[in-house]
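Trainee: For reference, this is structure-v1.cif, and it has mmCIF, C-alpha atoms (C1' of nucleotides).
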```
data_upload
#
loop_
_atom_site.label_atom_id
_atom_site.label_comp_id
_atom_site.auth_asym_id
_atom_site.auth_seq_id
_atom_site.Cartn_x
_atom_site.Cartn_y
_atom_site.Cartn_z
CA MET S 1 -41.09 42.13 -3.78
CA THR S 2 -42.41 39.42 -6.07
CA ASP S 3 -42.83 36.68 -3.56
CA ALA S 4 -45.49 34.81 -5.50
CA GLN S 5 -43.54 33.26 -8.28
CA VAL S 6 -43.12 29.72 -7.07
CA SER S 7 -45.16 26.70 -7.94
CA GLY S 8 -47.99 27.26 -5.47
CA SER S 9 -48.37 30.82 -6.64
CA ARG S 10 -52.01 30.49 -7.63
CA ALA S 11 -53.09 29.34 -4.19
CA ARG S 12 -51.05 32.02 -2.48
CA THR S 13 -52.29 34.82 -4.74
CA ARG S 14 -55.83 33.74 -4.14
CA GLN S 15 -55.31 33.74 -0.40
CA ALA S 16 -53.66 37.15 -0.53
CA ILE S 17 -56.70 38.55 -2.32
CA VAL S 18 -59.13 37.04 0.17
CA ASP S 19 -57.08 38.28 3.12
CA ALA S 20 -56.85 41.77 1.66
CA ALA S 21 -60.58 41.79 0.94
CA ILE S 22 -61.38 40.93 4.56
CA GLU S 23 -59.01 43.64 5.72
CA VAL S 24 -60.31 46.35 3.40
CA LEU S 25 -64.01 45.50 3.54
CA GLY S 26 -63.80 45.29 7.31
CA ARG S 27 -62.78 48.93 7.39
CA ASN S 28 -65.06 50.06 4.56
CA PRO S 29 -67.80 47.70 3.37
CA ALA S 30 -68.31 49.90 0.30
CA ALA S 31 -64.72 49.58 -0.91
CA SER S 32 -64.23 48.99 -4.63
CA LEU S 33 -62.53 46.01 -6.21
CA GLY S 34 -59.71 48.33 -7.20
CA ASP S 35 -59.10 49.14 -3.55
CA ILE S 36 -59.03 45.46 -2.68
CA ALA S 37 -56.67 44.64 -5.54
CA ALA S 38 -54.35 47.45 -4.47
CA ALA S 39 -54.38 46.21 -0.87
CA ALA S 40 -53.57 42.70 -2.09
CA GLU S 41 -50.77 44.15 -4.24
CA VAL S 42 -52.19 42.62 -7.40
CA GLY S 43 -53.62 44.09 -10.56
CA ARG S 44 -57.35 44.44 -10.87
CA THR S 45 -57.11 42.13 -13.87
CA THR S 46 -55.59 39.42 -11.71
CA LEU S 47 -58.34 39.80 -9.14
CA HIS S 48 -60.96 39.29 -11.85
CA ARG S 49 -59.01 36.26 -13.07
CA TYR S 50 -59.54 34.59 -9.70
CA PHE S 51 -63.01 35.94 -8.96
CA ALA S 52 -64.98 36.73 -12.09
CA GLU S 53 -67.64 38.71 -10.25
CA ARG S 54 -67.77 40.58 -6.98
CA ALA S 55 -70.22 38.00 -5.69
CA ASP S 56 -67.63 35.26 -6.24
CA LEU S 57 -65.16 37.10 -4.05
CA LEU S 58 -67.77 37.65 -1.37
CA ALA S 59 -68.58 33.95 -1.40
CA ALA S 60 -64.91 33.10 -0.91
CA ILE S 61 -64.76 35.58 1.95
CA GLY S 62 -67.77 33.89 3.49
CA THR S 63 -66.05 30.52 3.34
CA GLU S 64 -62.88 31.92 4.85
CA ALA S 65 -64.80 33.75 7.56
CA GLY S 66 -66.70 30.61 8.41
CA ALA S 67 -63.46 28.66 8.74
CA ARG S 68 -61.88 31.24 11.02
CA LEU S 69 -65.00 31.50 13.13
CA ASP S 70 -65.23 27.73 13.46
CA ARG S 71 -61.60 27.55 14.52
CA ALA S 72 -62.06 30.27 17.12
CA THR S 73 -65.24 28.63 18.38
CA ALA S 74 -63.49 25.30 18.72
CA GLN S 75 -60.66 26.84 20.70
CA ALA S 76 -63.15 28.37 23.12
CA ARG S 77 -64.29 24.88 24.20
CA LEU S 78 -67.90 25.92 24.68
CA ALA S 79 -68.81 22.67 26.42
CA GLU S 80 -66.40 23.13 29.32
CA GLY S 81 -66.98 24.91 32.62
CA THR S 82 -69.90 27.13 33.51
CA GLY S 83 -71.96 28.86 30.85
CA ALA S 84 -70.57 32.26 31.76
CA SER S 85 -66.97 31.04 31.68
CA ALA S 86 -67.53 29.62 28.21
CA VAL S 87 -68.98 32.94 27.04
CA HIS S 88 -65.93 34.61 28.54
CA ARG S 89 -63.57 32.37 26.58
CA LEU S 90 -65.58 32.80 23.39
CA CYS S 91 -65.28 36.58 23.63
CA GLN S 92 -61.53 36.26 24.04
CA GLU S 93 -61.18 34.02 21.00
CA TYR S 94 -63.44 36.12 18.80
CA PHE S 95 -61.68 39.31 19.81
CA ASP S 96 -58.53 38.03 18.13
CA LEU S 97 -60.37 37.78 14.80
CA GLY S 98 -59.90 41.51 14.40
CA ASN S 99 -61.26 43.08 11.25
CA LEU S 100 -63.26 40.00 10.48
CA LEU S 101 -65.56 41.01 13.33
CA SER S 102 -66.52 44.30 11.69
CA LEU S 103 -67.12 42.55 8.41
CA VAL S 104 -69.34 39.81 9.79
CA PHE S 105 -71.20 42.28 11.99
CA THR S 106 -71.96 44.77 9.24
CA GLU S 107 -72.57 42.15 6.54
CA PRO S 108 -74.38 39.31 8.28
CA GLU S 109 -75.17 37.70 4.94
CA ILE S 110 -71.46 37.05 4.49
CA GLY S 111 -71.12 34.46 7.20
CA THR S 112 -73.95 32.01 6.88
CA GLY S 113 -72.17 29.61 9.19
CA SER S 114 -72.17 29.54 12.95
CA THR S 115 -72.71 33.26 13.32
CA GLY S 116 -75.58 34.27 11.07
CA GLY S 117 -78.93 33.47 12.57
CA GLY S 118 -77.63 32.32 15.90
CA CYS S 119 -78.56 28.78 15.04
CA ASP S 120 -75.34 27.21 16.23
CA PRO S 121 -76.37 24.35 18.51
CA ASP S 122 -73.14 24.45 20.55
CA PHE S 123 -73.70 28.11 21.30
CA ALA S 124 -77.28 27.51 22.34
CA ALA S 125 -76.22 24.62 24.56
CA MET S 126 -73.65 26.82 26.25
CA VAL S 127 -76.14 29.57 27.04
CA GLU S 128 -78.79 27.14 28.23
CA ARG S 129 -76.23 25.48 30.46
CA GLY S 130 -75.50 28.91 31.89
CA HIS S 131 -79.20 29.43 32.51
CA ARG S 132 -79.29 26.21 34.50
CA ASP S 133 -76.03 26.55 36.42
CA GLY S 134 -76.92 30.07 37.56
CA THR S 135 -74.16 31.95 35.73
CA ILE S 136 -76.28 33.45 32.93
CA ASP S 137 -79.46 35.44 33.52
CA PRO S 138 -82.32 33.10 32.49
CA GLU S 139 -84.30 36.14 31.40
CA LEU S 140 -81.95 36.62 28.45
CA PRO S 141 -82.82 34.49 25.38
CA VAL S 142 -80.05 32.65 23.53
CA ASP S 143 -80.42 34.93 20.51
CA TRP S 144 -80.11 37.97 22.71
CA VAL S 145 -76.88 36.74 24.29
CA GLN S 146 -75.51 36.13 20.81
CA SER S 147 -76.52 39.61 19.72
CA LEU S 148 -75.00 41.04 22.88
CA ILE S 149 -71.63 39.38 22.31
CA TRP S 150 -71.43 40.47 18.69
CA SER S 151 -72.43 44.03 19.34
CA GLN S 152 -69.94 44.37 22.18
CA LEU S 153 -67.11 42.91 20.14
CA TYR S 154 -67.93 45.27 17.30
CA ALA S 155 -68.23 48.24 19.65
CA GLY S 156 -64.93 47.29 21.25
CA TRP S 157 -63.19 47.15 17.92
CA ALA S 158 -64.58 50.54 16.96
CA TYR S 159 -63.51 51.89 20.36
CA LEU S 160 -60.04 50.57 19.64
CA ALA S 161 -59.92 52.45 16.36
CA GLU S 162 -61.29 55.71 17.76
CA THR S 163 -59.51 56.02 21.06
CA GLY S 164 -55.88 55.14 21.49
CA ALA S 165 -56.65 52.35 23.93
CA SER S 166 -54.58 49.18 23.82
CA ARG S 167 -55.98 45.89 22.61
CA HIS S 168 -55.51 44.45 26.05
CA GLU S 169 -57.43 47.27 27.71
CA VAL S 170 -60.30 47.03 25.23
CA LEU S 171 -60.54 43.27 25.69
CA ARG S 172 -60.69 43.84 29.44
CA LEU S 173 -63.57 46.30 28.99
CA ILE S 174 -65.44 43.94 26.69
CA LEU S 175 -65.12 41.02 29.09
CA ARG S 176 -66.12 43.13 32.08
CA THR S 177 -69.15 44.49 30.25
CA VAL S 178 -70.34 41.19 28.81
CA ASP S 179 -69.80 39.33 32.07
CA GLY S 180 -71.85 41.95 33.91
CA ALA S 181 -74.57 42.01 31.27
CA ILE S 182 -75.24 38.27 31.33
CA ALA S 183 -74.82 37.83 35.06
CA VAL S 184 -77.86 36.91 37.12
CA LYS S 185 -79.22 40.08 38.67
CA ALA S 186 -79.14 40.52 42.40
CA GLY S 187 -82.52 42.10 43.17
CA MET M 188 -84.45 84.79 0.26
CA THR M 189 -86.99 84.75 3.05
CA ASP M 190 -86.85 81.06 3.78
CA ALA M 191 -88.54 81.70 7.10
CA GLN M 192 -91.91 82.58 5.59
CA VAL M 193 -92.40 80.14 2.78
CA SER M 194 -95.72 78.69 1.94
CA GLY M 195 -96.83 75.80 4.08
CA SER M 196 -96.45 73.29 1.29
CA ARG M 197 -92.73 73.90 0.87
CA ALA M 198 -92.02 73.26 4.55
CA ARG M 199 -94.21 70.18 4.54
CA THR M 200 -92.62 68.70 1.43
CA ARG M 201 -89.17 69.33 2.81
CA GLN M 202 -90.02 67.64 6.09
CA ALA M 203 -91.54 64.66 4.28
CA ILE M 204 -88.31 64.19 2.34
CA VAL M 205 -86.15 64.39 5.46
CA ASP M 206 -88.40 61.98 7.34
CA ALA M 207 -88.40 59.52 4.44
CA ALA M 208 -84.63 59.80 4.13
CA ILE M 209 -84.17 58.91 7.80
CA GLU M 210 -86.54 56.00 7.40
CA VAL M 211 -84.96 54.61 4.23
CA LEU M 212 -81.32 55.26 5.07
CA GLY M 213 -81.88 53.76 8.50
CA ARG M 214 -82.78 50.48 6.83
CA ASN M 215 -80.23 50.74 4.01
CA PRO M 216 -77.47 53.35 4.28
CA ALA M 217 -76.63 52.77 0.60
CA ALA M 218 -80.11 53.65 -0.65
CA SER M 219 -80.28 55.86 -3.73
CA LEU M 220 -81.93 59.26 -3.94
CA GLY M 221 -84.56 57.66 -6.12
CA ASP M 222 -85.46 55.29 -3.30
CA ILE M 223 -85.74 58.19 -0.88
CA ALA M 224 -87.86 60.23 -3.26
CA ALA M 225 -90.17 57.27 -3.79
CA ALA M 226 -90.49 56.72 -0.04
CA ALA M 227 -91.31 60.41 0.39
CA GLU M 228 -93.87 60.10 -2.44
CA VAL M 229 -92.14 62.87 -4.35
CA GLY M 230 -90.49 63.02 -7.74
CA ARG M 231 -86.73 62.82 -7.84
CA THR M 232 -86.77 66.24 -9.49
CA THR M 233 -88.57 67.70 -6.50
CA LEU M 234 -86.04 66.18 -4.13
CA HIS M 235 -83.22 67.82 -6.05
CA ARG M 236 -85.15 71.08 -5.95
CA TYR M 237 -84.98 71.05 -2.15
CA PHE M 238 -81.54 69.46 -1.79
CA ALA M 239 -79.28 70.16 -4.75
CA GLU M 240 -76.74 67.52 -3.76
CA ARG M 241 -76.84 64.39 -1.69
CA ALA M 242 -74.58 66.07 0.85
CA ASP M 243 -77.19 68.78 1.37
CA LEU M 244 -79.79 66.18 2.25
CA LEU M 245 -77.39 64.44 4.61
CA ALA M 246 -76.69 67.76 6.32
CA ALA M 247 -80.42 68.33 6.79
CA ILE M 248 -80.75 64.84 8.21
CA GLY M 249 -77.92 65.61 10.60
CA THR M 250 -79.71 68.70 11.83
CA GLU M 251 -82.97 66.82 12.26
CA ALA M 252 -81.23 63.95 14.01
CA GLY M 253 -79.48 66.36 16.34
CA ALA M 254 -82.78 67.99 17.23
CA ARG M 255 -84.50 64.69 17.96
CA LEU M 256 -81.54 63.46 19.99
CA ASP M 257 -81.40 66.68 21.98
CA ARG M 258 -85.11 66.44 22.71
CA ALA M 259 -84.82 62.84 23.85
CA THR M 260 -81.78 63.68 25.96
CA ALA M 261 -83.60 66.56 27.60
CA GLN M 262 -86.56 64.33 28.46
CA ALA M 263 -84.23 61.84 30.13
CA ARG M 264 -83.24 64.48 32.72
CA LEU M 265 -79.65 63.27 32.98
CA ALA M 266 -78.94 65.40 36.04
CA GLU M 267 -81.56 63.74 38.23
CA GLY M 268 -81.21 60.68 40.45
CA THR M 269 -78.32 58.25 40.47
CA GLY M 270 -76.03 57.85 37.49
CA ALA M 271 -77.41 54.42 36.69
CA SER M 272 -81.02 55.59 36.87
CA ALA M 273 -80.22 58.40 34.45
CA VAL M 274 -78.63 55.93 32.04
CA HIS M 275 -81.75 53.81 32.40
CA ARG M 276 -83.99 56.74 31.46
CA LEU M 277 -81.72 57.73 28.58
CA CYS M 278 -81.98 54.25 27.07
CA GLN M 279 -85.76 54.42 27.32
CA GLU M 280 -85.92 57.77 25.55
CA TYR M 281 -83.43 56.84 22.84
CA PHE M 282 -85.20 53.57 22.17
CA ASP M 283 -88.23 55.51 20.97
CA LEU M 284 -86.14 57.18 18.28
CA GLY M 285 -86.49 54.04 16.19
CA ASN M 286 -84.84 54.00 12.80
CA LEU M 287 -82.85 57.08 13.68
CA LEU M 288 -80.77 54.86 15.94
CA SER M 289 -79.59 52.64 13.11
CA LEU M 290 -78.76 55.67 11.01
CA VAL M 291 -76.72 57.46 13.66
CA PHE M 292 -75.02 54.23 14.68
CA THR M 293 -73.97 53.22 11.17
CA GLU M 294 -73.19 56.77 10.00
CA PRO M 295 -71.59 58.49 12.98
CA GLU M 296 -70.54 61.43 10.82
CA ILE M 297 -74.22 62.28 10.38
CA GLY M 298 -74.85 63.39 13.92
CA THR M 299 -72.00 65.63 14.95
CA GLY M 300 -73.99 66.79 17.93
CA SER M 301 -74.37 65.11 21.29
CA THR M 302 -73.74 61.61 19.95
CA GLY M 303 -70.66 61.69 17.76
CA GLY M 304 -67.45 61.70 19.73
CA GLY M 305 -69.04 61.27 23.10
CA CYS M 306 -68.19 64.85 23.93
CA ASP M 307 -71.54 65.73 25.43
CA PRO M 308 -70.74 67.27 28.82
CA ASP M 309 -74.11 66.32 30.33
CA PHE M 310 -73.56 62.72 29.43
CA ALA M 311 -70.07 62.73 30.90
CA ALA M 312 -71.35 64.35 34.08
CA MET M 313 -74.01 61.68 34.41
CA VAL M 314 -71.55 58.81 34.10
CA GLU M 315 -69.05 60.41 36.44
CA ARG M 316 -71.81 60.96 38.97
CA GLY M 317 -72.58 57.27 38.67
CA HIS M 318 -68.92 56.45 39.27
CA ARG M 319 -69.05 58.45 42.50
CA ASP M 320 -72.43 57.36 43.80
CA GLY M 321 -71.56 53.69 43.33
CA THR M 322 -74.16 52.86 40.65
CA ILE M 323 -71.80 52.72 37.63
CA ASP M 324 -68.64 50.62 37.52
CA PRO M 325 -65.75 53.11 37.88
CA GLU M 326 -63.62 50.84 35.71
CA LEU M 327 -65.74 51.78 32.68
CA PRO M 328 -64.69 55.03 30.97
CA VAL M 329 -67.31 57.55 29.90
CA ASP M 330 -66.66 56.83 26.23
CA TRP M 331 -67.09 53.15 26.82
CA VAL M 332 -70.46 53.61 28.50
CA GLN M 333 -71.56 55.73 25.57
CA SER M 334 -70.41 53.08 23.13
CA LEU M 335 -72.14 50.42 25.20
CA ILE M 336 -75.47 52.21 25.17
CA TRP M 337 -75.38 52.85 21.43
CA SER M 338 -74.36 49.34 20.50
CA GLN M 339 -77.05 47.83 22.71
CA LEU M 340 -79.74 50.10 21.32
CA TYR M 341 -78.66 49.24 17.79
CA ALA M 342 -78.49 45.54 18.58
CA GLY M 343 -81.92 45.73 20.17
CA TRP M 344 -83.40 47.37 17.12
CA ALA M 345 -81.85 44.72 14.87
CA TYR M 346 -83.17 42.03 17.22
CA LEU M 347 -86.60 43.58 16.89
CA ALA M 348 -86.41 43.37 13.10
CA GLU M 349 -85.11 39.79 13.01
CA THR M 350 -87.16 38.08 15.68
CA GLY M 351 -90.81 38.74 16.17
CA ALA M 352 -90.30 40.14 19.65
CA SER M 353 -92.42 43.08 20.79
CA ARG M 354 -90.99 46.53 21.27
CA HIS M 355 -91.76 46.29 24.95
CA GLU M 356 -89.94 43.01 25.34
CA VAL M 357 -86.87 44.27 23.47
CA LEU M 358 -86.75 47.43 25.57
CA ARG M 359 -86.86 45.25 28.67
CA LEU M 360 -83.92 43.18 27.40
CA ILE M 361 -81.92 46.30 26.56
CA LEU M 362 -82.47 47.84 29.97
CA ARG M 363 -81.68 44.61 31.79
CA THR M 364 -78.49 44.15 29.77
CA VAL M 365 -77.26 47.74 30.07
CA ASP M 366 -78.07 47.94 33.76
CA GLY M 367 -76.12 44.76 34.39
CA ALA M 368 -73.22 45.81 32.23
CA ILE M 369 -72.62 49.13 33.97
CA ALA M 370 -73.35 47.90 37.50
CA VAL M 371 -70.49 47.73 39.97
CA LYS M 372 -69.20 44.17 40.06
CA ALA M 373 -69.55 42.11 43.20
CA GLY M 374 -66.32 40.15 43.45
"C1'" DC Y 375 -33.52 28.69 -25.65
"C1'" DC Y 376 -38.35 27.95 -25.76
"C1'" DT Y 377 -42.92 27.11 -23.89
"C1'" DG Y 378 -46.53 27.74 -20.90
"C1'" DA Y 379 -48.27 29.82 -16.76
"C1'" DA Y 380 -49.01 34.00 -14.30
"C1'" DT Y 381 -49.31 38.72 -14.08
"C1'" DG Y 382 -50.37 43.69 -14.93
"C1'" DG Y 383 -51.52 47.51 -17.75
"C1'" DA Y 384 -54.41 49.70 -21.14
"C1'" DA Y 385 -58.49 50.17 -23.42
"C1'" DC Y 386 -63.31 49.48 -23.96
"C1'" DA Y 387 -68.34 48.75 -23.15
"C1'" DT Y 388 -71.78 48.65 -19.69
"C1'" DC Y 389 -74.53 49.95 -15.82
"C1'" DG Y 390 -76.49 52.50 -12.04
"C1'" DG Y 391 -76.55 56.73 -9.36
"C1'" DT Y 392 -76.14 61.67 -9.75
"C1'" DG Y 393 -77.08 66.26 -11.16
"C1'" DT Y 394 -79.19 69.33 -14.68
"C1'" DT Y 395 -82.42 71.16 -18.02
"C1'" DC Y 396 -86.75 71.63 -20.09
"C1'" DC Y 397 -91.60 71.30 -20.31
"C1'" DA Y 398 -96.31 70.19 -19.16
"C1'" DA Y 399 -99.71 69.62 -15.51
"C1'" DT Y 400 -101.56 71.06 -11.25
"C1'" DC Y 401 -102.60 73.88 -7.34
"C1'" DC Y 402 -103.56 78.03 -4.80
"C1'" DA Y 403 -104.38 82.78 -3.93
"C1'" DG Y 404 -105.88 87.31 -5.61
"C1'" DC O 405 -110.39 83.25 -14.15
"C1'" DT O 406 -105.44 84.29 -14.07
"C1'" DG O 407 -100.60 84.21 -12.76
"C1'" DG O 408 -97.20 82.63 -9.92
"C1'" DA O 409 -95.78 78.69 -7.34
"C1'" DT O 410 -95.18 73.84 -7.02
"C1'" DT O 411 -94.72 69.56 -8.89
"C1'" DG O 412 -93.41 65.41 -11.79
"C1'" DG O 413 -91.80 63.27 -15.90
"C1'" DA O 414 -88.56 62.80 -19.63
"C1'" DA O 415 -84.28 63.37 -21.47
"C1'" DC O 416 -79.48 64.21 -21.17
"C1'" DA O 417 -74.50 64.37 -19.69
"C1'" DC O 418 -71.37 62.84 -16.27
"C1'" DC O 419 -68.94 59.83 -13.22
"C1'" DG O 420 -67.30 55.81 -10.82
"C1'" DA O 421 -67.51 50.83 -10.41
"C1'" DT O 422 -67.71 46.72 -12.94
"C1'" DG O 423 -66.59 43.24 -16.19
"C1'" DT O 424 -64.14 41.98 -20.51
"C1'" DT O 425 -60.58 41.73 -24.04
"C1'" DC O 426 -56.06 42.12 -25.72
"C1'" DC O 427 -51.24 42.39 -25.34
"C1'" DA O 428 -46.63 42.77 -23.32
"C1'" DT O 429 -43.70 41.20 -19.60
"C1'" DT O 430 -41.81 38.01 -16.41
"C1'" DC O 431 -40.58 33.68 -14.56
"C1'" DA O 432 -40.19 28.41 -14.00
"C1'" DG O 433 -38.91 24.40 -15.96
"C1'" DG O 434 -38.00 21.15 -19.85
#
```
What's the structure tokens form of this structure?

Mentor:
Amino acid sequence: MTDAQVSGSRARTRQAIVDAAIEVLGRNPAASLGDIAAAAEVGRTTLHRYFAERADLLAAIGTEAGARLDRATAQARLAEGTGASAVHRLCQEYFDLGNLLSLVFTEPEIGTGSTGGGCDPDFAAMVERGHRDGTIDPELPVDWVQSLIWSQLYAGWAYLAETGASRHEVLRLILRTVDGAIAVKAG
Amino acid sequence: MTDAQVSGSRARTRQAIVDAAIEVLGRNPAASLGDIAAAAEVGRTTLHRYFAERADLLAAIGTEAGARLDRATAQARLAEGTGASAVHRLCQEYFDLGNLLSLVFTEPEIGTGSTGGGCDPDFAAMVERGHRDGTIDPELPVDWVQSLIWSQLYAGWAYLAETGASRHEVLRLILRTVDGAIAVKAG
DNA sequence: CCTGAATGGAACATCGGTGTTCCAATCCAG
DNA sequence: CTGGATTGGAACACCGATGTTCCATTCAGG
């Protein structure tokens, strides 16, 4: 029950609130602080003790989201292999971020890091490498590829929630769709 | 009583409110009734005179959205040509719907018609025809193709707002991406 | 046992959106 | 012009979310 009574309780309570906020806001961006507090299993008073205003909580979410995105991006090793294979790996890593995807997609102002304006240099380098090595359609701008990946991940997550498809099946559909979309066209 | 034969001004005011609501809510789904009334250049009192509750306005928007979607769908002639060519035409027609796309995409409960649960039989027939005639990847379920089209149209519209790209250029990117995504894979 | 930290509940004020009422101004047709 | 229709503004009550204050409870550690 009360698992947060040890010395590091403050840090753990704070993390529990941030995690719950990502979870709840990912499903419903208009959720109230009361909903978030309930999901975190803390009183609304406690939530306000850690984050005086809603904006403070959103800022903490942004930091957390940026960290998770950076970690996933690093694991995708964007600099290795062909451009298309790197995009493929990036989709796989991002897919595991789950609810965070919905949140970042619907509230772009949350994540000002590597996802916001598509200004991540590693991402751009990956796509441009794909343009050169013939695995990514050169007609598609870097920003467009970024937009494509995000929208497909979001659509896939929504598809997962609506239909009863398995995570594995949805990931397969996402990868198949994105790979086909960025591929160099035959004609 | 006889709503059918009201004076011309009533019908025009009502339509102006619905149009403004689609416009405003498309940009910001959380917009207030005051914002909508201002955009329609009407007093908030007048808006309430036509739509007693917010839900009434949303219902009217749903009807209007359904009508516009049905018209666009009819113009795409889903039953003609290959499955992929029909999808291509459908994207072109839907793209012209503009802000309505964002609204229907972010508020799926608005349009319960041919867009909501992907239950439109004509759409399903088109995709299944594509599966058979070899122009749409048979690995992609009907629902997934629907989701793909909507997410790409939405992403394209957002791309249009963010970057300074022309409508024509964005439509070209959407069509190129969707065509590639649904195409039967080589390997 | 006692102290301080952490928590949660209750109560309160505040604010913005909503829905309603009332009234004055305007417009349009007979 | 006149009377009904249409409109817009002002004021009000209501509600939910927010942010704050206060207090009681619980727990860890000296």

Trainee: Distance cut-off 12 Å, counting all atoms listed in the file - which residues of chain O neighbour chain S? Return them as a PDB file with C-alpha atoms (C1' of nucleotides), in the coordinates of the input.

Mentor:
```pdb
ATOM      1  C1'  DG O 420     -67.300  55.810 -10.820  1.00  0.00           C
ATOM      2  C1'  DA O 421     -67.510  50.830 -10.410  1.00  0.00           C
ATOM      3  C1'  DT O 422     -67.710  46.720 -12.940  1.00  0.00           C
ATOM      4  C1'  DG O 423     -66.590  43.240 -16.190  1.00  0.00           C
ATOM      5  C1'  DT O 424     -64.140  41.980 -20.510  1.00  0.00           C
ATOM      6  C1'  DT O 425     -60.580  41.730 -24.040  1.00  0.00           C
ATOM      7  C1'  DC O 426     -56.060  42.120 -25.720  1.00  0.00           C
ATOM      8  C1'  DT O 430     -41.810  38.010 -16.410  1.00  0.00           C
ATOM      9  C1'  DC O 431     -40.580  33.680 -14.560  1.00  0.00           C
ATOM     10  C1'  DA O 432     -40.190  28.410 -14.000  1.00  0.00           C
ATOM     11  C1'  DG O 433     -38.910  24.400 -15.960  1.00  0.00           C
TER      12       DG O 433
END
```

Trainee: Taking the file as shown, what set of residues would the PyMOL selection byres ((chain M) within 9 of (chain S)) give back, as a PyMOL selection string?

Mentor: chain M and resi 217+293+304+326-327+330-331+334-335+337-339+341-343+345-346+349-350+360+363-372

Trainee: For chain Y, which residue among M:Ile209, M:Ala198, M:Ala242, M:Leu284 is the nearest when counting all atoms listed in the file?

Mentor: M:Ala242

Trainee: With distances taken over only C-alpha atoms (C1' of nucleotides), which of S:Leu57, S:Leu25, S:Val104, S:Val42 is nearest to chain Y?

Mentor: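 Between S:Leu57, S:Leu25, S:Val104, S:Val42, the residue approaching chain Y most closely is S:Val42.
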
Trainee: Name the residues captured by the PyMOL selection byres ((chain Y) within 9 of (chain M)) when it is applied to the shown file; answer as a list in words.

Mentor: DG391, DT392 and DG393 of chain Y

Trainee: Quick one: write out the picked residues with C-alpha atoms (C1' of nucleotides) as a tab-separated table (two decimals), in the frame of the given file?

Mentor:
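Everything below was put into out27.tsv:
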```tsv
chain	number	residue	atom	x	y	z
Y	391	DG	C1'	-76.55	56.73	-9.36
Y	392	DT	C1'	-76.14	61.67	-9.75
Y	393	DG	C1'	-77.08	66.26	-11.16
```

Trainee: Would you mind reading off the distance between CA of Ala271 in chain M and CA of Ala312 in chain M, one decimal, in Å?

Mentor: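 According to the coordinates, CA of Ala271 in chain M and CA of Ala312 in chain M are separated by 11.9 Å.
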
Trainee: Selection in question (the file shown): the PyMOL selection byres ((chain Y and resi 395) around 9). Which residues does it include, as a PDB file with C-alpha atoms (C1' of nucleotides), in the frame of the given file?

Mentor:
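Result went into out-v1.pdb, see below:
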```pdb
ATOM      1  C1'  DT Y 394     -79.190  69.330 -14.680  1.00  0.00           C
ATOM      2  C1'  DC Y 396     -86.750  71.630 -20.090  1.00  0.00           C
TER       3       DC Y 396
ATOM      4  C1'  DA O 415     -84.280  63.370 -21.470  1.00  0.00           C
ATOM      5  C1'  DC O 416     -79.480  64.210 -21.170  1.00  0.00           C
TER       6       DC O 416
END
```

Trainee: Please identify all polymer residues within 9 Å of Val24 in chain S, counting all atoms listed in the file, omitting same-chain residues fewer than 6 positions from it, and present them as a VMD selection string.

Mentor: chain S and resid 31 35 to 36 39 99

Trainee: Using all atoms listed in the file, which protein or nucleic acid residues come within 9 Å of Val274 in chain M? Drop anything in the same chain fewer than 3 positions from it, and give the result as a list in words.

Mentor: Ala263, Leu265, Thr269, Gly270, Ala271, Leu277, Cys278, Gln279, Phe310, Met313, Val314, Ile336, Val365 and Asp366 of chain M

Trainee: Can those selected residues be exported to a file as a PDB file, in the coordinates of the input so that it contains C-alpha atoms?

Mentor:
```pdb
ATOM      1  CA  ALA M 263     -84.230  61.840  30.130  1.00  0.00           C
ATOM      2  CA  LEU M 265     -79.650  63.270  32.980  1.00  0.00           C
ATOM      3  CA  THR M 269     -78.320  58.250  40.470  1.00  0.00           C
ATOM      4  CA  GLY M 270     -76.030  57.850  37.490  1.00  0.00           C
ATOM      5  CA  ALA M 271     -77.410  54.420  36.690  1.00  0.00           C
ATOM      6  CA  LEU M 277     -81.720  57.730  28.580  1.00  0.00           C
ATOM      7  CA  CYS M 278     -81.980  54.250  27.070  1.00  0.00           C
ATOM      8  CA  GLN M 279     -85.760  54.420  27.320  1.00  0.00           C
ATOM      9  CA  PHE M 310     -73.560  62.720  29.430  1.00  0.00           C
ATOM     10  CA  MET M 313     -74.010  61.680  34.410  1.00  0.00           C
ATOM     11  CA  VAL M 314     -71.550  58.810  34.100  1.00  0.00           C
ATOM     12  CA  ILE M 336     -75.470  52.210  25.170  1.00  0.00           C
ATOM     13  CA  VAL M 365     -77.260  47.740  30.070  1.00  0.00           C
ATOM     14  CA  ASP M 366     -78.070  47.940  33.760  1.00  0.00           C
TER      15      ASP M 366
END
```

Trainee: Counting all atoms listed in the file, which residue out of O:DT406, O:DA428, O:DG434, O:DC418 sits closest to DG382 in chain Y?

Mentor: O:DA428

Trainee: For a test of reading the model, state the distance in Å between CA of His355 in chain M and CA of His275 in chain M, rounded to one decimal.

Mentor: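 Straight-line distance from CA of His355 in chain M to CA of His275 in chain M works out to 14.6 Å.
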
Trainee: What does the distance from CA of Arg319 in chain M to CA of Ser166 in chain S come to in Å, to one decimal?

Mentor: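 Taking CA of Arg319 in chain M as the start and CA of Ser166 in chain S as the end point, the length is 25.4 Å.
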
Trainee: When you look at DA398 in chain Y with a cut-off of 12 Å (counting only C-alpha atoms (C1' of nucleotides)), what residues show up, excluding the ones that are within fewer than 5 positions of it in the same chain? I need them as an MDAnalysis selection string.

Mentor: chainID O and resid 411:414
